[in-house]
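Participant: Contents are CSV, C-alpha atoms; file name protein-v1.csv:
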chain,number,residue,atom,x,y,z
A,127,MET,CA,-145.7,23.7,31.9
A,128,PRO,CA,-142.8,25.8,30.6
A,129,HIS,CA,-143.8,29.0,28.8
A,130,ILE,CA,-143.5,29.0,25.0
A,131,ASP,CA,-140.7,31.6,25.1
A,132,GLN,CA,-138.7,29.5,27.4
A,133,LEU,CA,-139.1,26.4,25.2
A,134,TYR,CA,-138.2,28.4,22.1
A,135,ALA,CA,-135.1,29.8,23.8
A,136,GLU,CA,-134.0,26.3,24.8
A,137,PHE,CA,-134.4,25.1,21.2
A,138,VAL,CA,-132.4,28.1,19.8
A,139,GLN,CA,-129.6,27.5,22.3
A,140,ALA,CA,-129.5,23.8,21.5
A,141,TRP,CA,-129.3,24.6,17.8
A,142,GLN,CA,-126.6,27.2,18.3
A,143,ASP,CA,-124.7,24.6,20.4
A,144,GLY,CA,-124.7,22.4,17.3
A,145,ARG,CA,-126.9,19.7,18.7
A,146,ALA,CA,-129.5,19.6,15.9
A,147,PRO,CA,-132.4,19.3,18.4
A,148,GLU,CA,-135.5,17.4,17.5
A,149,VAL,CA,-138.7,19.5,17.6
A,150,ASP,CA,-141.2,17.0,19.1
A,151,PRO,CA,-139.8,17.0,22.6
A,152,TYR,CA,-140.2,20.8,22.8
A,153,LEU,CA,-143.7,20.6,21.5
A,154,ASP,CA,-144.6,17.9,23.9
A,155,ARG,CA,-143.6,20.1,26.8
A,156,ALA,CA,-145.7,23.0,25.7
A,157,ASP,CA,-149.3,23.6,26.6
A,158,PRO,CA,-151.5,22.0,23.8
A,159,ALA,CA,-152.9,25.5,23.0
A,160,ASP,CA,-149.4,26.8,22.4
A,161,GLN,CA,-148.0,24.0,20.3
A,162,ASP,CA,-148.9,25.4,16.9
A,163,ALA,CA,-147.4,28.8,17.8
A,164,LEU,CA,-144.2,27.2,19.1
A,165,ALA,CA,-143.9,25.0,16.0
A,166,GLU,CA,-144.3,28.1,13.8
A,167,ARG,CA,-141.6,30.0,15.6
A,168,ILE,CA,-139.2,27.1,15.5
A,169,GLU,CA,-139.9,26.6,11.8
A,170,THR,CA,-139.2,30.3,11.0
A,171,PHE,CA,-135.9,30.1,13.0
A,172,VAL,CA,-134.7,27.0,11.2
A,173,MET,CA,-135.4,28.7,7.8
A,174,VAL,CA,-132.9,31.4,8.5
A,175,ALA,CA,-130.5,29.5,10.9
A,176,PRO,CA,-127.1,28.3,9.6
A,177,SER,CA,-126.7,24.6,9.0
A,178,VAL,CA,-125.1,22.7,11.8
A,179,SER,CA,-122.5,20.0,11.4
A,180,LEU,CA,-124.1,16.6,11.6
A,181,ALA,CA,-122.8,13.1,11.5
A,182,PRO,CA,-123.9,11.4,8.2
A,183,GLU,CA,-126.2,9.0,10.1
A,184,ARG,CA,-127.8,11.8,12.0
A,185,ALA,CA,-128.4,13.8,8.8
A,186,ALA,CA,-129.9,10.7,7.1
A,187,GLU,CA,-132.3,10.3,10.1
A,188,ILE,CA,-133.5,13.9,9.9
A,189,GLU,CA,-134.0,13.7,6.1
A,190,ALA,CA,-136.1,10.6,6.5
A,191,LEU,CA,-138.5,12.2,9.0
A,192,PRO,CA,-142.0,12.6,7.6
A,193,ALA,CA,-142.0,16.3,8.5
A,194,PHE,CA,-138.8,16.8,6.5
A,195,VAL,CA,-140.1,14.9,3.5
A,196,ARG,CA,-143.3,17.0,3.5
A,197,ALA,CA,-141.4,20.2,3.8
A,198,ALA,CA,-139.1,19.3,0.9
A,199,ALA,CA,-142.2,18.8,-1.3
A,200,ILE,CA,-143.5,22.3,-0.6
A,201,PRO,CA,-142.7,24.7,-3.5
A,202,GLU,CA,-140.2,27.4,-2.6
A,203,ASN,CA,-141.8,30.5,-1.0
A,204,ALA,CA,-145.3,28.8,-1.0
A,205,MET,CA,-145.5,29.3,2.7
A,206,ALA,CA,-142.8,31.9,3.4
A,207,PRO,CA,-143.0,33.3,6.9
A,208,ALA,CA,-143.8,37.0,7.3
A,209,TRP,CA,-140.9,39.5,7.0
A,210,SER,CA,-141.4,40.5,10.6
A,211,ALA,CA,-141.0,36.9,11.7
A,212,ARG,CA,-137.9,36.5,9.5
A,213,LEU,CA,-136.3,39.6,11.0
A,214,ARG,CA,-136.9,38.4,14.6
A,215,ALA,CA,-135.7,34.9,13.8
A,216,ALA,CA,-132.5,36.2,12.1
A,217,ARG,CA,-131.8,38.5,15.1
A,218,GLU,CA,-132.3,35.7,17.6
A,219,ARG,CA,-130.2,33.4,15.5
A,220,ALA,CA,-127.4,36.0,15.6
A,221,GLY,CA,-127.8,36.2,19.4
A,222,LEU,CA,-128.5,40.0,19.4
A,223,GLY,CA,-130.9,41.9,21.5
A,224,LEU,CA,-132.9,44.7,19.9
A,225,ALA,CA,-130.8,47.4,21.7
A,226,GLU,CA,-127.6,45.9,20.3
A,227,LEU,CA,-129.0,45.5,16.8
A,228,GLY,CA,-130.3,49.1,16.9
A,229,ALA,CA,-126.9,50.4,18.0
A,230,ARG,CA,-125.1,48.5,15.2
A,231,PHE,CA,-127.7,49.6,12.6
A,232,ALA,CA,-127.4,53.3,13.6
A,233,ALA,CA,-123.6,53.2,13.7
A,234,SER,CA,-123.5,51.6,10.3
A,235,PHE,CA,-125.2,54.6,8.8
A,236,ASP,CA,-123.3,57.1,11.0
A,237,LEU,CA,-126.5,58.0,12.9
A,238,GLY,CA,-124.9,58.6,16.3
A,239,GLY,CA,-127.4,59.4,19.0
A,240,ARG,CA,-130.2,57.5,17.2
A,241,GLU,CA,-129.5,54.1,18.6
A,242,ASP,CA,-132.5,53.9,20.9
A,243,ARG,CA,-134.9,55.1,18.1
A,244,ALA,CA,-133.5,52.6,15.7
A,245,ALA,CA,-134.0,49.8,18.3
A,246,ALA,CA,-137.6,51.0,18.8
A,247,MET,CA,-138.3,51.1,15.1
A,248,LEU,CA,-136.9,47.6,14.7
A,249,ARG,CA,-139.1,46.4,17.5
A,250,GLU,CA,-142.1,47.9,15.7
A,251,LEU,CA,-141.1,46.1,12.5
A,252,GLU,CA,-140.8,42.8,14.4
A,253,GLU,CA,-144.2,43.3,16.0
A,254,GLY,CA,-145.9,44.5,12.8
A,255,GLY,CA,-146.4,48.0,14.0
A,256,LEU,CA,-144.5,49.3,11.0
A,257,GLU,CA,-145.1,48.0,7.5
A,258,ALA,CA,-142.2,46.0,6.1
A,259,SER,CA,-142.8,47.4,2.7
A,260,GLY,CA,-141.5,50.7,4.0
A,261,VAL,CA,-138.0,49.3,4.6
A,262,SER,CA,-135.6,50.5,2.0
A,263,THR,CA,-133.3,48.1,0.1
A,264,ARG,CA,-130.3,49.8,1.7
A,265,ALA,CA,-131.7,49.1,5.2
A,266,ALA,CA,-132.7,45.5,4.3
A,267,ASP,CA,-129.2,44.8,2.9
A,268,ARG,CA,-127.5,46.3,5.9
A,269,LEU,CA,-129.7,44.3,8.4
A,270,ALA,CA,-128.9,41.1,6.4
A,271,GLU,CA,-125.2,41.9,6.7
A,272,LEU,CA,-125.3,42.7,10.4
A,273,LEU,CA,-127.3,39.5,11.1
A,274,GLY,CA,-125.2,37.3,8.8
A,275,VAL,CA,-128.0,36.1,6.6
A,276,ALA,CA,-128.4,36.0,2.8
A,277,GLY,CA,-129.7,39.2,1.4
A,278,ASP,CA,-132.9,37.7,0.0
A,279,VAL,CA,-133.9,36.5,3.5
A,280,LEU,CA,-134.8,40.1,4.5
A,281,ARG,CA,-135.7,41.4,1.1
A,282,PRO,CA,-138.7,43.8,1.9
A,283,PRO,CA,-142.0,43.0,0.3
A,284,PRO,CA,-143.2,45.3,-2.5
A,285,ARG,CA,-145.1,48.4,-1.6
A,286,PRO,CA,-148.9,48.1,-2.1
A,287,ALA,CA,-150.2,49.3,-5.5
A,288,PRO,CA,-152.0,52.7,-5.5
A,289,LEU,CA,-155.8,52.5,-4.8
A,290,PHE,CA,-156.5,53.8,-8.3
A,291,ARG,CA,-154.6,55.2,-11.2
A,292,ALA,CA,-157.2,57.1,-13.2
A,293,ASP,CA,-156.4,60.5,-11.7
A,294,GLU,CA,-152.8,60.9,-10.7
A,295,ASP,CA,-153.3,64.3,-9.0
A,296,ALA,CA,-156.2,62.9,-6.9
A,297,ALA,CA,-154.0,59.8,-6.1
A,298,ALA,CA,-151.2,62.1,-5.0
A,299,GLU,CA,-153.5,64.1,-2.9
A,300,LEU,CA,-154.9,61.0,-1.2
A,301,GLY,CA,-151.4,59.8,-0.5
A,302,ASP,CA,-150.6,63.1,1.2
A,303,ILE,CA,-153.7,62.8,3.3
A,304,LEU,CA,-152.9,59.2,4.3
A,305,ALA,CA,-149.3,60.1,5.1
A,306,GLY,CA,-150.4,63.0,7.3
A,307,ALA,CA,-152.9,60.8,9.1
A,308,ALA,CA,-150.3,58.1,9.7
A,309,ALA,CA,-147.8,60.7,11.0
A,310,ALA,CA,-150.4,62.1,13.3
A,311,MET,CA,-151.1,58.7,14.8
A,312,GLN,CA,-147.4,57.9,15.2
A,313,GLY,CA,-146.4,61.2,16.6
A,314,PRO,CA,-144.2,64.0,15.2
A,315,LEU,CA,-141.2,62.9,13.2
A,316,GLU,CA,-137.8,64.4,13.6
A,317,PRO,CA,-137.1,66.6,10.6
A,318,GLY,CA,-134.8,65.0,8.0
A,319,ASP,CA,-134.4,61.8,10.1
A,320,GLU,CA,-132.7,59.3,7.9
A,321,LEU,CA,-134.1,56.5,10.0
A,322,ASP,CA,-137.6,57.3,8.6
A,323,GLU,CA,-136.2,57.0,5.1
A,324,LEU,CA,-134.5,53.7,5.9
A,325,LEU,CA,-137.2,51.9,7.9
A,326,ARG,CA,-140.5,53.7,7.4
A,327,GLY,CA,-140.4,54.6,3.7
A,328,GLY,CA,-139.7,58.4,4.1
Please, can you express the file's structure as structure tokens?
Facilitator:
Amino acid sequence: MPHIDQLYAEFVQAWQDGRAPEVDPYLDRADPADQDALAERIETFVMVAPSVSLAPERAAEIEALPAFVRAAAIPENAMAPAWSARLRAARERAGLGLAELGARFAASFDLGGREDRAAAMLRELEEGGLEASGVSTRAADRLAELLGVAGDVLRPPPRPAPLFRADEDAAAELGDILAGAAAAMQGPLEPGDELDELLRGG
């Protein structure tokens, strides 16, 4: 059976070609154990993908599908995909590799020479290695612009609330300790690197 990545790539290509592909044939070709994961990836892609031009009769067929009817009944944002999944889907929908997106992102902030590091950090964001809540609004807006999606698609989630508020000095000290521990695990940071402020929260 074809690998899930191959089937997903075929679906994306068919969508980008304007063919409005049906999902079931792709799921049927996948290993049963991979069908749910493939369906989730396709659903996330479709949520950020641009509309395709359809003949009226084809649009009516799609809108009548049971899956479409069920999806239309789900309240907005009730099952929103993770930010990392939306970033990956938006990048794939734009037809960009991580290296190219990293280069464009770095160039847009005049960060010459940081293209590889930007690409590596974007990969970590897609894979969940970096918290999406650390992405600045500036960075999210720029990514949305570079990928051609609406700004709210990549709006970063809010930062987690402090563990406690009773003693602000103690809370600040705990934050310093946690930040130091995170930095130690992720390796030394380059001093004054704007990429950290944009994509990691400082």
Participant: Suppose you want the space between CA of Glu148 in chain A and CA of Arg214 in chain A; what is it in Å?
Facilitator: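 Calculated distance between CA of Glu148 in chain A and CA of Arg214 in chain A is 21.2 Å.
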Participant: I want to know what sits within 12 Å of Glu252 in chain A, based on only C-alpha atoms, with residues of the same chain fewer than 6 positions away left out; could you give that as a PyMOL selection string?
Facilitator: chain A and resi 208-218+224+245-246+258+280+325
Participant: What does the file look like for those residues with C-alpha atoms, as a PDB file, in the coordinates of the input?
Facilitator:
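File produced: selection-v9.pdb:
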ATOM      1  CA  ALA A 208    -143.800  37.000   7.300  1.00  0.00           C
ATOM      2  CA  TRP A 209    -140.900  39.500   7.000  1.00  0.00           C
ATOM      3  CA  SER A 210    -141.400  40.500  10.600  1.00  0.00           C
ATOM      4  CA  ALA A 211    -141.000  36.900  11.700  1.00  0.00           C
ATOM      5  CA  ARG A 212    -137.900  36.500   9.500  1.00  0.00           C
ATOM      6  CA  LEU A 213    -136.300  39.600  11.000  1.00  0.00           C
ATOM      7  CA  ARG A 214    -136.900  38.400  14.600  1.00  0.00           C
ATOM      8  CA  ALA A 215    -135.700  34.900  13.800  1.00  0.00           C
ATOM      9  CA  ALA A 216    -132.500  36.200  12.100  1.00  0.00           C
ATOM     10  CA  ARG A 217    -131.800  38.500  15.100  1.00  0.00           C
ATOM     11  CA  GLU A 218    -132.300  35.700  17.600  1.00  0.00           C
ATOM     12  CA  LEU A 224    -132.900  44.700  19.900  1.00  0.00           C
ATOM     13  CA  ALA A 245    -134.000  49.800  18.300  1.00  0.00           C
ATOM     14  CA  ALA A 246    -137.600  51.000  18.800  1.00  0.00           C
ATOM     15  CA  ALA A 258    -142.200  46.000   6.100  1.00  0.00           C
ATOM     16  CA  LEU A 280    -134.800  40.100   4.500  1.00  0.00           C
ATOM     17  CA  LEU A 325    -137.200  51.900   7.900  1.00  0.00           C
TER      18      LEU A 325
END
Participant: Could you name the residues that touch range 229-234 of chain A at 9 Å or less, counting only C-alpha atoms, but leaving out those on the same chain fewer than 4 positions away, as an MDAnalysis selection string?
Facilitator: chainID A and resid 224:225 238:245 265 268:269 272 321
Participant: Kindly give the distance, in Å, that separates CA of Gly228 in chain A and CA of Ala146 in chain A, rounded to a single decimal.
Facilitator: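 Computing it gives 29.5 Å between the two atoms.
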Participant: What is the distance between CA of Glu257 in chain A and CA of Glu320 in chain A, in Å to one decimal?
Facilitator: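 For CA of Glu257 in chain A relative to CA of Glu320 in chain A, the distance reads 16.8 Å.
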Participant: Using all atoms listed in the file, can you tell me which of A:Val279, A:Met247, A:Leu273, A:Ile168 comes closest to Trp141 in chain A?
Facilitator: A:Ile168
Participant: Using all atoms listed in the file for the distances, tell me which of A:Ala270, A:Leu153, A:Ala220, A:Leu251 is nearest to Arg326 in chain A.
Facilitator: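 Of A:Ala270, A:Leu153, A:Ala220, A:Leu251, the one nearest Arg326 in chain A, counting all atoms listed in the file, is A:Leu251.
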